[in-house]
file upload-v3.tsv (TSV, C-alpha atoms and all ligand atoms)
chain	number	residue	atom	x	y	z
S	760	MET	CA	0.00	0.00	0.00
S	761	ILE	CA	2.94	2.33	-0.13
S	762	ARG	CA	4.27	4.00	-3.21
S	763	ALA	CA	6.69	6.86	-3.62
S	764	PRO	CA	4.98	10.21	-4.10
S	765	ARG	CA	4.65	10.81	-7.81
S	766	THR	CA	5.82	13.91	-9.55
S	767	GLN	CA	3.68	13.38	-12.63
S	768	HIS	CA	0.06	13.15	-11.66
S	769	GLY	CA	-2.72	11.61	-13.66
S	770	ALA	CA	-5.37	14.30	-13.37
S	771	ALA	CA	-9.09	13.77	-13.62
S	772	GLY	CA	-9.50	16.39	-16.29
S	773	HIS	CA	-12.33	18.88	-16.17
S	774	ALA	CA	-14.58	16.57	-14.24
S	775	THR	CA	-18.19	17.29	-13.55
S	776	LEU	CA	-19.87	16.15	-10.39
S	777	ARG	CA	-22.73	13.86	-11.19
S	778	VAL	CA	-23.79	12.53	-7.85
S	779	GLY	CA	-22.90	14.63	-4.96
S	780	LEU	CA	-22.62	14.80	-1.38
S	781	ALA	CA	-25.31	17.27	-1.81
S	782	ALA	CA	-22.99	18.40	-4.58
S	783	PRO	CA	-24.25	21.95	-4.63
S	784	ARG	CA	-23.36	24.08	-7.60
S	785	GLU	CA	-20.86	26.14	-5.67
S	786	TYR	CA	-18.73	23.02	-5.19
S	787	ALA	CA	-18.74	21.99	-8.84
S	788	MET	CA	-15.23	22.85	-9.83
S	789	ARG	CA	-12.16	21.99	-11.81
S	790	LEU	CA	-10.35	18.85	-10.84
S	791	ASP	CA	-7.08	19.11	-12.71
S	792	GLU	CA	-3.41	19.99	-12.19
S	793	SER	CA	-4.35	23.39	-10.82
S	794	THR	CA	-6.33	21.92	-7.90
S	795	LEU	CA	-4.33	18.72	-7.33
S	796	ILE	CA	-2.83	18.75	-3.83
S	797	GLY	CA	-1.55	15.23	-3.40
S	798	SER	CA	-1.55	11.66	-4.61
S	799	GLY	CA	-0.86	8.24	-3.18
S	800	ALA	CA	-1.02	4.61	-4.26
S	801	ASN	CA	-4.81	4.65	-4.61
S	802	ALA	CA	-6.06	8.15	-5.22
S	803	GLU	CA	-5.53	11.73	-6.28
S	804	VAL	CA	-6.53	14.42	-3.80
S	805	TYR	CA	-7.91	17.80	-4.99
S	806	ALA	CA	-8.69	21.07	-3.27
S	807	TYR	CA	-12.46	21.08	-3.17
S	808	GLY	CA	-14.26	24.22	-2.16
S	809	ASP	CA	-13.96	26.01	1.08
S	810	GLY	CA	-11.36	24.25	3.22
S	811	ARG	CA	-12.20	20.82	1.83
S	812	ALA	CA	-10.31	18.15	-0.07
S	813	LEU	CA	-11.71	15.51	-2.43
S	814	LYS	CA	-9.95	12.14	-2.39
S	815	LEU	CA	-10.75	10.61	-5.76
S	816	PHE	CA	-9.92	6.90	-6.08
S	817	ARG	CA	-8.50	5.43	-9.26
S	818	GLU	CA	-10.38	2.13	-8.92
S	819	ARG	CA	-13.68	1.18	-7.36
S	820	SER	CA	-13.38	-0.90	-4.19
S	821	PRO	CA	-15.30	-1.85	-1.05
S	822	PHE	CA	-12.34	-0.44	0.90
S	823	HIS	CA	-13.46	3.09	0.09
S	824	ALA	CA	-16.64	2.73	2.17
S	825	ASN	CA	-14.46	1.25	4.91
S	826	GLU	CA	-12.16	4.26	4.75
S	827	MET	CA	-15.14	6.54	5.24
S	828	LEU	CA	-16.39	4.52	8.21
S	829	ALA	CA	-12.98	4.30	9.87
S	830	ALA	CA	-12.00	7.94	9.24
S	831	ARG	CA	-15.26	9.08	10.78
S	832	ALA	CA	-14.82	6.79	13.81
S	833	ALA	CA	-11.27	8.08	14.31
S	834	ALA	CA	-12.39	11.72	14.22
S	835	GLU	CA	-15.23	10.95	16.63
S	836	ALA	CA	-12.78	9.26	18.98
S	837	GLY	CA	-10.90	12.56	19.15
S	838	LEU	CA	-7.86	11.54	17.10
S	839	PRO	CA	-6.18	14.22	14.98
S	840	THR	CA	-7.58	13.37	11.54
S	841	PRO	CA	-9.55	15.34	8.92
S	842	ARG	CA	-13.32	15.37	9.33
S	843	VAL	CA	-15.36	13.45	6.74
S	844	TRP	CA	-18.15	15.27	4.90
S	845	GLY	CA	-21.36	13.54	3.82
S	846	ASP	CA	-22.79	10.10	4.51
S	847	ASP	CA	-21.87	8.35	1.27
S	848	LEU	CA	-19.10	8.15	-1.24
S	849	ILE	CA	-19.50	10.69	-4.01
S	850	GLU	CA	-19.05	9.93	-7.71
S	851	VAL	CA	-17.10	12.01	-10.17
S	852	ASP	CA	-16.96	10.70	-13.73
S	853	ASP	CA	-17.43	7.11	-12.53
S	854	ARG	CA	-14.75	7.44	-9.88
S	855	GLU	CA	-15.57	7.09	-6.19
S	856	GLY	CA	-14.49	9.81	-3.81
S	857	ILE	CA	-14.60	11.04	-0.22
S	858	VAL	CA	-14.69	14.68	0.88
S	859	PHE	CA	-12.52	15.60	3.88
S	860	ASP	CA	-11.46	18.74	5.65
S	861	ARG	CA	-8.39	20.00	3.87
S	862	VAL	CA	-5.09	19.85	5.74
S	863	ASP	CA	-2.51	22.40	4.71
S	864	GLY	CA	0.69	20.59	5.48
S	865	ILE	CA	3.47	18.38	4.18
S	866	THR	CA	3.87	14.67	4.86
S	867	MET	CA	5.95	13.40	7.77
S	868	HIS	CA	8.14	11.77	5.10
S	869	GLN	CA	8.92	15.11	3.46
S	870	HIS	CA	9.46	16.75	6.84
S	871	VAL	CA	12.03	14.13	7.88
S	872	GLU	CA	13.80	14.21	4.51
S	873	GLU	CA	14.10	18.01	4.73
S	874	ASN	CA	14.91	18.06	8.47
S	875	PRO	CA	17.02	14.99	9.26
S	876	ASP	CA	17.73	16.39	12.74
S	877	ASP	CA	14.04	15.90	13.47
S	878	ALA	CA	14.09	12.20	12.58
S	879	LYS	CA	14.12	10.97	16.16
S	880	ALA	CA	11.42	13.37	17.40
S	881	SER	CA	9.25	12.52	14.40
S	882	GLY	CA	9.63	8.78	15.01
S	883	ARG	CA	8.59	9.35	18.62
S	884	ALA	CA	5.59	11.37	17.43
S	885	LEU	CA	4.51	8.52	15.15
S	886	ALA	CA	4.67	6.11	18.09
S	887	GLU	CA	2.70	8.48	20.32
S	888	LEU	CA	-0.01	8.76	17.69
S	889	HIS	CA	-0.09	4.99	17.32
S	890	ALA	CA	-0.32	4.25	21.04
S	891	ARG	CA	-3.03	6.89	21.40
S	892	MET	CA	-5.01	5.38	18.52
S	893	HIS	CA	-4.70	1.88	19.94
S	894	ALA	CA	-6.15	3.08	23.23
S	895	CYS	CA	-9.34	4.06	21.34
S	896	ASP	CA	-12.33	1.75	21.17
S	897	GLY	CA	-12.64	0.30	17.66
S	898	ARG	CA	-15.89	-1.57	18.21
S	899	GLY	CA	-17.72	0.30	15.43
S	900	LEU	CA	-15.23	-1.02	12.85
S	901	HIS	CA	-14.99	-4.27	10.90
S	902	SER	CA	-12.84	-7.12	12.19
S	903	LEU	CA	-9.10	-7.12	11.48
S	904	ARG	CA	-8.90	-10.86	12.07
S	905	TRP	CA	-11.52	-11.35	9.35
S	906	GLY	CA	-9.57	-9.06	6.99
S	907	LEU	CA	-6.35	-11.00	7.64
S	908	MET	CA	-8.15	-14.32	7.15
S	909	GLN	CA	-9.35	-13.23	3.70
S	910	SER	CA	-5.82	-12.31	2.67
S	911	ILE	CA	-3.78	-15.35	3.74
S	912	PRO	CA	-5.18	-17.73	1.06
S	913	ARG	CA	-4.32	-15.11	-1.56
S	914	ALA	CA	-0.62	-15.14	-0.53
S	915	ARG	CA	0.07	-17.97	-3.00
S	916	ALA	CA	3.85	-17.57	-2.86
S	917	LEU	CA	3.70	-19.05	0.64
S	918	GLY	CA	2.35	-22.44	-0.46
S	919	PRO	CA	-0.60	-24.26	1.19
S	920	GLU	CA	1.22	-25.73	4.21
S	921	THR	CA	2.71	-22.42	5.21
S	922	GLN	CA	-0.65	-20.70	4.70
S	923	ASP	CA	-2.32	-23.26	7.01
S	924	ALA	CA	0.36	-22.75	9.65
S	925	VAL	CA	-0.14	-18.97	9.51
S	926	VAL	CA	-3.93	-19.36	9.83
S	927	SER	CA	-3.39	-21.51	12.95
S	928	ILE	CA	-1.15	-18.83	14.47
S	929	LEU	CA	-3.74	-16.16	13.69
S	930	TYR	CA	-6.47	-18.13	15.46
S	931	SER	CA	-4.27	-18.69	18.49
S	932	LEU	CA	-3.84	-14.94	18.99
S	933	PRO	CA	-6.31	-12.91	21.05
S	934	GLU	CA	-8.78	-10.58	19.38
S	935	GLU	CA	-9.04	-7.13	20.91
S	936	PRO	CA	-11.26	-4.13	20.16
S	937	SER	CA	-8.51	-1.56	19.53
S	938	MET	CA	-8.80	0.95	16.72
S	939	CYS	CA	-6.11	-0.06	14.22
S	940	HIS	CA	-5.07	1.88	11.11
S	941	ASN	CA	-2.91	-0.84	9.52
S	942	ASP	CA	-1.07	1.53	7.20
S	943	LEU	CA	0.50	4.01	9.61
S	944	HIS	CA	3.69	5.29	7.97
S	945	PRO	CA	5.29	8.66	7.22
S	946	LEU	CA	3.33	9.25	4.01
S	947	ASN	CA	0.03	8.89	5.85
S	948	VAL	CA	0.78	11.53	8.48
S	949	LEU	CA	0.70	15.25	7.66
S	950	ARG	CA	2.39	18.05	9.57
S	951	VAL	CA	0.31	21.08	10.53
S	952	GLY	CA	2.31	23.66	12.45
S	953	ASP	CA	4.03	21.58	15.12
S	954	SER	CA	1.30	18.93	15.19
S	955	TRP	CA	0.53	15.82	13.21
S	956	VAL	CA	-2.64	14.60	11.49
S	957	ILE	CA	-3.34	10.99	10.45
S	958	ILE	CA	-4.89	10.32	7.03
S	959	ASP	CA	-5.74	7.33	4.82
S	960	TRP	CA	-7.92	5.03	6.92
S	961	ALA	CA	-8.64	2.48	4.14
S	962	GLY	CA	-7.38	-0.34	6.40
S	963	GLY	CA	-8.98	1.01	9.58
S	964	LEU	CA	-10.24	-2.08	11.44
S	965	ARG	CA	-10.94	-3.33	14.96
S	966	GLY	CA	-8.33	-5.69	16.30
S	967	ASN	CA	-5.32	-6.47	18.41
S	968	ARG	CA	-3.01	-3.48	18.75
S	969	LEU	CA	0.04	-5.70	18.29
S	970	ALA	CA	-1.17	-6.46	14.76
S	971	GLY	CA	-1.24	-2.70	14.09
S	972	HIS	CA	2.20	-2.25	15.59
S	973	ALA	CA	3.58	-5.26	13.66
S	974	ARG	CA	2.22	-3.67	10.49
S	975	SER	CA	4.18	-0.45	11.10
S	976	TRP	CA	7.24	-2.54	11.99
S	977	LEU	CA	6.92	-4.27	8.57
S	978	LEU	CA	6.58	-0.87	6.87
S	979	SER	CA	9.80	0.16	8.65
S	980	ARG	CA	11.60	-2.80	7.06
S	981	TYR	CA	10.34	-1.73	3.61
S	982	TRP	CA	11.44	1.87	4.22
S	983	MET	CA	15.06	0.87	4.63
S	984	ASP	CA	15.04	-0.86	1.22
S	985	THR	CA	12.85	1.59	-0.70
S	986	LEU	CA	11.76	5.13	0.13
S	987	GLY	CA	14.36	5.72	2.81
S	988	SER	CA	17.32	4.23	0.97
S	989	SER	CA	18.78	7.61	-0.01
S	990	ALA	CA	19.12	8.61	3.68
S	991	PRO	CA	19.51	5.31	5.52
S	992	HIS	CA	20.93	6.76	8.76
S	993	THR	CA	18.12	9.27	9.06
S	994	TRP	CA	15.44	6.67	8.50
S	995	ARG	CA	17.11	4.19	10.84
S	996	ARG	CA	17.03	6.86	13.58
S	997	PHE	CA	13.39	7.57	12.76
S	998	TRP	CA	12.26	3.94	12.88
S	999	CYS	CA	14.31	3.05	15.97
S	1000	ALA	CA	12.66	5.96	17.77
S	1001	TYR	CA	9.25	4.74	16.60
S	1002	LEU	CA	9.84	1.15	17.74
S	1003	ASP	CA	11.40	2.06	21.10
S	1004	THR	CA	8.79	4.67	21.95
S	1005	TYR	CA	5.82	2.51	21.02
S	1006	ARG	CA	7.17	-0.29	23.19
S	1007	GLU	CA	7.69	2.13	26.09
S	1008	LEU	CA	4.17	3.50	25.84
S	1009	ALA	CA	2.42	0.20	25.19
S	1010	PRO	CA	4.51	-2.70	26.47
S	1011	VAL	CA	4.84	-5.58	24.08
S	1012	ALA	CA	5.24	-9.28	24.96
S	1013	SER	CA	7.99	-10.34	22.57
S	1014	GLU	CA	6.64	-13.82	21.81
S	1015	GLU	CA	3.21	-12.51	20.97
S	1016	LEU	CA	4.69	-9.74	18.86
S	1017	ARG	CA	6.76	-12.30	16.94
S	1018	ALA	CA	3.58	-14.27	16.23
S	1019	TRP	CA	1.83	-11.15	14.94
S	1020	GLN	CA	4.88	-10.26	12.84
S	1021	THR	CA	4.64	-13.69	11.20
S	1022	VAL	CA	0.97	-13.19	10.35
S	1023	ILE	CA	1.41	-9.61	9.17
S	1024	VAL	CA	4.41	-10.40	6.96
S	1025	ALA	CA	2.46	-13.31	5.44
S	1026	VAL	CA	-0.44	-10.98	4.67
S	1027	GLY	CA	2.04	-8.44	3.29
S	1028	VAL	CA	2.75	-10.92	0.49
S	1029	THR	CA	-0.83	-10.22	-0.66
S	1030	TRP	CA	-1.29	-6.61	0.38
S	1031	ASP	CA	1.95	-5.02	-0.71
S	1032	LYS	CA	2.05	-5.78	-4.40
S	1033	THR	CA	3.88	-2.52	-5.17
S	1034	VAL	CA	6.72	-3.26	-2.73
S	1035	PRO	CA	9.69	-5.01	-4.36
S	1036	ASP	CA	11.28	-8.22	-3.13
S	1037	PRO	CA	8.38	-10.43	-1.99
S	1038	GLU	CA	10.97	-13.21	-1.54
S	1039	THR	CA	12.17	-11.64	1.71
S	1040	ARG	CA	8.61	-11.76	3.10
S	1041	VAL	CA	8.29	-15.44	2.23
S	1042	GLU	CA	11.75	-16.11	3.72
S	1043	PHE	CA	10.76	-14.30	6.94
S	1044	VAL	CA	7.58	-16.34	7.38
S	1045	GLU	CA	9.41	-19.59	6.76
S	1046	ALA	CA	12.16	-18.65	9.21
S	1047	SER	CA	9.56	-17.74	11.85
S	1048	LEU	CA	7.69	-21.00	11.47
S	1049	ALA	CA	10.95	-22.92	11.78
S	1050	GLY	CA	11.93	-20.93	14.89
S	1051	ARG	CA	14.90	-19.34	13.14
S	1052	SER	CA	15.98	-15.72	13.40
S	1053	HIS	CA	15.93	-13.33	10.44
S	1054	ARG	CA	17.78	-10.12	9.59
S	1055	TRP	CA	14.52	-8.15	9.74
S	1056	LEU	CA	14.38	-8.85	13.49
S	1057	SER	CA	17.45	-6.76	14.19
S	1058	ASP	CA	16.30	-3.18	14.63
S	1059	GLY	CA	19.69	-1.83	13.55
S	1060	GLU	CA	21.83	0.87	15.10
S	1061	ARG	CA	20.53	2.93	17.98
S	1062	GLU	CA	21.46	6.46	18.94
U	1101	LIG	N1	-7.45	15.88	3.82
U	1101	LIG	C1	-6.37	16.19	3.11
U	1101	LIG	N2	-5.96	17.48	3.00
U	1101	LIG	C2	-4.87	17.80	2.26
U	1101	LIG	N3	-4.11	16.90	1.60
U	1101	LIG	C3	-4.46	15.60	1.67
U	1101	LIG	C4	-5.61	15.18	2.42
U	1101	LIG	N4	-5.71	13.84	2.30
U	1101	LIG	C5	-4.69	13.45	1.52
U	1101	LIG	N5	-3.93	14.51	1.14
U	1101	LIG	C6	-2.73	14.48	0.27
U	1101	LIG	O1	-2.86	13.44	-0.67
U	1101	LIG	C7	-1.84	12.44	-0.47
U	1101	LIG	C8	-2.45	11.07	-0.69
U	1101	LIG	O2	-3.50	10.85	0.23
U	1101	LIG	P1	-3.82	9.39	0.81
U	1101	LIG	O3	-5.11	9.49	1.57
U	1101	LIG	O4	-2.65	8.88	1.57
U	1101	LIG	O5	-4.02	8.55	-0.54
U	1101	LIG	P2	-3.67	7.01	-0.89
U	1101	LIG	O6	-4.80	6.18	-0.33
U	1101	LIG	O7	-3.65	6.98	-2.39
U	1101	LIG	O8	-2.34	6.68	-0.27
U	1101	LIG	C9	-1.32	12.69	0.93
U	1101	LIG	O9	0.01	12.29	1.10
U	1101	LIG	C10	-1.46	14.19	1.07
U	1101	LIG	O10	-0.38	14.83	0.42
U	1102	MG	MG	-1.67	6.98	1.66
call {"tool": "encode", "arguments": {"input": "upload-v3.tsv", "output": "structure tokens"}}
result
Amino acid sequence: MIRAPRTQHGAAGHATLRVGLAAPREYAMRLDESTLIGSGANAEVYAYGDGRALKLFRERSPFHANEMLAARAAAEAGLPTPRVWGDDLIEVDDREGIVFDRVDGITMHQHVEENPDDAKASGRALAELHARMHACDGRGLHSLRWGLMQSIPRARALGPETQDAVVSILYSLPEEPSMCHNDLHPLNVLRVGDSWVIIDWAGGLRGNRLAGHARSWLLSRYWMDTLGSSAPHTWRRFWCAYLDTYRELAPVASEELRAWQTVIVAVGVTWDKTVPDPETRVEFVEASLAGRSHRWLSDGERE
């Protein structure tokens, strides 16, 4: 679910709103390069009227309704996240979209790249956000265990025996009602003044907080090989601060975490199609099941 920010954006052209969140005339507007404010792996985001942003998805998916549900629940729980407008997805030229409050800020990724001295403090901030989120009640959300269960059979590179072993581990782990984001990384956090705002709740589900933490741990492993590879020391400082701080704020039983890491890496074979090197994920799962260590388990240098 991560992809480097793109410099060339595919714009929606001069789109017209057909169905609207009460799409009143005053909000019918240009959606093109002049109003584009961001883009990610799944969507372009446009300035949309007074203080609002339209997230316009490239493909239709049931996850978009989930994003709306989870983003609203997170805002209602008091987490720093843009408010959702309207009760349903809107449609613009056959593309689904969600209207949010607009956040005028840069991503945490850009902030750290431009201010390497802030890497440690930013990593701590990510952990604080995550621990705070996990303390929120996620009972209004769909089940993370169910979502993981759907994904394991699709991780074909694992082979049937390994898939069965991962399913058994998943069922041995306790379900909890924490609010989990499942894609918390530096491109999904925006900086506003000195504060941070969480976006992109497509994977917002109710589950065990260690699954959510294991997911960010897996993203940290990807960062070292992909987006953070041009400044490895900076990103190592960032992710060490994240991992240490989260574990300080929300103590982690190492055996249980290892079990969640195994499940989450297995699911990452399915979820993270845009991330290179799926072989390392398969190798990690196999090492875990055999009780062997793996290079991903070393958190690297500390400061
Ligand atoms: N509410 C918002 N206000 C301002 N910019 C936003 C908002 N939501 C998203 N963006 C911008 O769009 C980018 C992609 O948004 P995101 O929700 O992460 O999409 P994706 O699901 O494709 O990853 C963000 O990194 C940010 O730059
Ligand atoms: Mg995103």
call {"tool": "closest_atom_pairs", "arguments": {"input": "upload-v3.tsv", "of": "chain S", "to": "ligand LIG 1101 (chain U)", "cutoff": "8 Å", "atoms": "only C-alpha atoms and all ligand atoms", "output": "CSV"}}
result
residue,atom,partner,partner_atom,distance
S:Met760,CA,U:LIG1101,O8,7.1
S:Ile761,CA,U:LIG1101,O8,6.8
S:Arg762,CA,U:LIG1101,O8,7.7
S:Pro764,CA,U:LIG1101,O9,7.5
S:Ile796,CA,U:LIG1101,N3,5.9
S:Gly797,CA,U:LIG1101,O1,3.5
S:Ser798,CA,U:LIG1101,C8,4.1
S:Gly799,CA,U:LIG1101,O7,3.2
S:Ala800,CA,U:LIG1101,O7,4.0
S:Asn801,CA,U:LIG1101,O7,3.4
S:Ala802,CA,U:LIG1101,O7,3.9
S:Glu803,CA,U:LIG1101,C8,6.4
S:Val804,CA,U:LIG1101,O1,4.9
S:Tyr805,CA,U:LIG1101,N3,7.7
S:Ala806,CA,U:LIG1101,C2,7.5
S:Arg811,CA,U:LIG1101,N1,7.1
S:Ala812,CA,U:LIG1101,N1,5.3
S:Leu813,CA,U:LIG1101,N1,7.6
S:Lys814,CA,U:LIG1101,N4,6.5
S:Phe816,CA,U:LIG1101,O7,7.3
S:Pro841,CA,U:LIG1101,N1,5.5
S:Val858,CA,U:LIG1101,N1,7.9
S:Phe859,CA,U:LIG1101,N1,5.1
S:Asp860,CA,U:LIG1101,N1,5.3
S:Arg861,CA,U:LIG1101,N2,3.6
S:Val862,CA,U:LIG1101,N2,3.7
S:Asp863,CA,U:LIG1101,C2,5.7
S:Gly864,CA,U:LIG1101,C2,7.0
S:Ile865,CA,U:LIG1101,O10,6.4
S:Thr866,CA,U:LIG1101,O9,5.9
S:Leu946,CA,U:LIG1101,O9,5.4
S:Asn947,CA,U:LIG1101,O4,5.0
S:Val948,CA,U:LIG1101,O9,7.5
S:Leu949,CA,U:LIG1101,C10,7.0
S:Ile958,CA,U:LIG1101,O3,5.5
S:Asp959,CA,U:LIG1101,O3,4.0
S:Trp960,CA,U:LIG1101,O3,7.5
S:Ala961,CA,U:LIG1101,O6,7.0
call {"tool": "atom_distance", "arguments": {"input": "upload-v3.tsv", "atom1": "CA of Ala829 (chain S)", "atom2": "CA of Leu986 (chain S)"}}
result
26.6 Å
call {"tool": "residues_around", "arguments": {"input": "upload-v3.tsv", "residues": "Ile957 (chain S)", "least_positions_apart": "4", "cutoff": "10 Å", "atoms": "all atoms listed in the file", "output": "ChimeraX atom specification"}}
result
/S:830,833-834,838-841,866-867,885,888-889,892,940,943-950
call {"tool": "atom_distance", "arguments": {"input": "upload-v3.tsv", "atom1": "CA of Leu978 (chain S)", "atom2": "CA of Tyr1001 (chain S)"}}
result
11.5 Å
call {"tool": "axis_aligned_box", "arguments": {"input": "upload-v3.tsv", "around": "region 817-834 of chain S", "padding_each_side": "6 Å", "output": "JSON"}}
result
{"center_x": -12.6, "center_y": 4.9, "center_z": 2.5, "size_x": 20.1, "size_y": 25.6, "size_z": 35.6}
call {"tool": "closest_residue", "arguments": {"input": "upload-v3.tsv", "among": "S:Asp923, S:Glu1038, S:Asp942, S:Glu850", "to": "ligand MG 1102 (chain U)", "atoms": "all atoms listed in the file"}}
result
S:Asp942
call {"tool": "atom_distance", "arguments": {"input": "upload-v3.tsv", "atom1": "CA of Val926 (chain S)", "atom2": "CA of Met908 (chain S)"}}
result
7.1 Å
call {"tool": "closest_residue", "arguments": {"input": "upload-v3.tsv", "among": "S:Pro1010, S:Gly987, S:Gly918, S:Gly962", "to": "ligand MG 1102 (chain U)", "atoms": "all atoms listed in the file"}}
result
S:Gly962
call {"tool": "closest_residue", "arguments": {"input": "upload-v3.tsv", "among": "S:Leu969, S:Glu872, S:Val1034, S:Asp852", "to": "Thr985 (chain S)", "atoms": "only C-alpha atoms"}}
result
S:Val1034
call {"tool": "residues_around", "arguments": {"input": "upload-v3.tsv", "residues": "Asp877 (chain S)", "least_positions_apart": "2", "cutoff": "12 Å", "atoms": "all atoms listed in the file", "output": "PDB file with C-alpha atoms, keeping the file's coordinate frame"}}
result
ATOM      1  CA  MET S 867       5.950  13.400   7.770  1.00  0.00           C
ATOM      2  CA  HIS S 868       8.140  11.770   5.100  1.00  0.00           C
ATOM      3  CA  GLN S 869       8.920  15.110   3.460  1.00  0.00           C
ATOM      4  CA  HIS S 870       9.460  16.750   6.840  1.00  0.00           C
ATOM      5  CA  VAL S 871      12.030  14.130   7.880  1.00  0.00           C
ATOM      6  CA  GLU S 872      13.800  14.210   4.510  1.00  0.00           C
ATOM      7  CA  GLU S 873      14.100  18.010   4.730  1.00  0.00           C
ATOM      8  CA  ASN S 874      14.910  18.060   8.470  1.00  0.00           C
ATOM      9  CA  PRO S 875      17.020  14.990   9.260  1.00  0.00           C
ATOM     10  CA  LYS S 879      14.120  10.970  16.160  1.00  0.00           C
ATOM     11  CA  ALA S 880      11.420  13.370  17.400  1.00  0.00           C
ATOM     12  CA  SER S 881       9.250  12.520  14.400  1.00  0.00           C
ATOM     13  CA  GLY S 882       9.630   8.780  15.010  1.00  0.00           C
ATOM     14  CA  ARG S 883       8.590   9.350  18.620  1.00  0.00           C
ATOM     15  CA  ALA S 884       5.590  11.370  17.430  1.00  0.00           C
ATOM     16  CA  ASP S 953       4.030  21.580  15.120  1.00  0.00           C
ATOM     17  CA  THR S 993      18.120   9.270   9.060  1.00  0.00           C
ATOM     18  CA  TRP S 994      15.440   6.670   8.500  1.00  0.00           C
ATOM     19  CA  ARG S 996      17.030   6.860  13.580  1.00  0.00           C
ATOM     20  CA  PHE S 997      13.390   7.570  12.760  1.00  0.00           C
ATOM     21  CA  ALA S1000      12.660   5.960  17.770  1.00  0.00           C
TER      22      ALA S1000
END
call {"tool": "closest_residue", "arguments": {"input": "upload-v3.tsv", "among": "S:Asp847, S:Glu1014, S:Asp984, S:Glu826", "to": "ligand MG 1102 (chain U)", "atoms": "all atoms listed in the file"}}
result
S:Glu826
call {"tool": "closest_residue", "arguments": {"input": "upload-v3.tsv", "among": "S:Ala836, S:Asn941, S:Asn825, S:Glu935", "to": "ligand MG 1102 (chain U)", "atoms": "all atoms listed in the file"}}
result
S:Asn941
call {"tool": "closest_residue", "arguments": {"input": "upload-v3.tsv", "among": "S:Asp809, S:Asp1031, S:Asp1003, S:Asp896", "to": "Arg968 (chain S)", "atoms": "only C-alpha atoms"}}
result
S:Asp896
call {"tool": "decode", "arguments": {"input": "upload-v3.tsv", "residues": "region 866-887 of chain S", "atoms": "C-alpha atoms", "output": "PDB file, in the first residue's frame"}}
result
ATOM      1  CA  THR S 866       3.866  14.674   4.860  1.00  0.00           C
ATOM      2  CA  MET S 867       5.950  13.401   7.767  1.00  0.00           C
ATOM      3  CA  HIS S 868       8.142  11.767   5.100  1.00  0.00           C
ATOM      4  CA  GLN S 869       8.917  15.108   3.463  1.00  0.00           C
ATOM      5  CA  HIS S 870       9.462  16.755   6.842  1.00  0.00           C
ATOM      6  CA  VAL S 871      12.035  14.127   7.882  1.00  0.00           C
ATOM      7  CA  GLU S 872      13.797  14.213   4.509  1.00  0.00           C
ATOM      8  CA  GLU S 873      14.102  18.014   4.731  1.00  0.00           C
ATOM      9  CA  ASN S 874      14.911  18.064   8.467  1.00  0.00           C
ATOM     10  CA  PRO S 875      17.024  14.994   9.263  1.00  0.00           C
ATOM     11  CA  ASP S 876      17.728  16.395  12.740  1.00  0.00           C
ATOM     12  CA  ASP S 877      14.043  15.898  13.470  1.00  0.00           C
ATOM     13  CA  ALA S 878      14.094  12.196  12.577  1.00  0.00           C
ATOM     14  CA  LYS S 879      14.117  10.972  16.165  1.00  0.00           C
ATOM     15  CA  ALA S 880      11.422  13.369  17.399  1.00  0.00           C
ATOM     16  CA  SER S 881       9.248  12.519  14.401  1.00  0.00           C
ATOM     17  CA  GLY S 882       9.629   8.778  15.013  1.00  0.00           C
ATOM     18  CA  ARG S 883       8.589   9.354  18.619  1.00  0.00           C
ATOM     19  CA  ALA S 884       5.594  11.370  17.433  1.00  0.00           C
ATOM     20  CA  LEU S 885       4.512   8.522  15.152  1.00  0.00           C
ATOM     21  CA  ALA S 886       4.672   6.110  18.092  1.00  0.00           C
ATOM     22  CA  GLU S 887       2.704   8.483  20.325  1.00  0.00           C
TER      23      GLU S 887
END
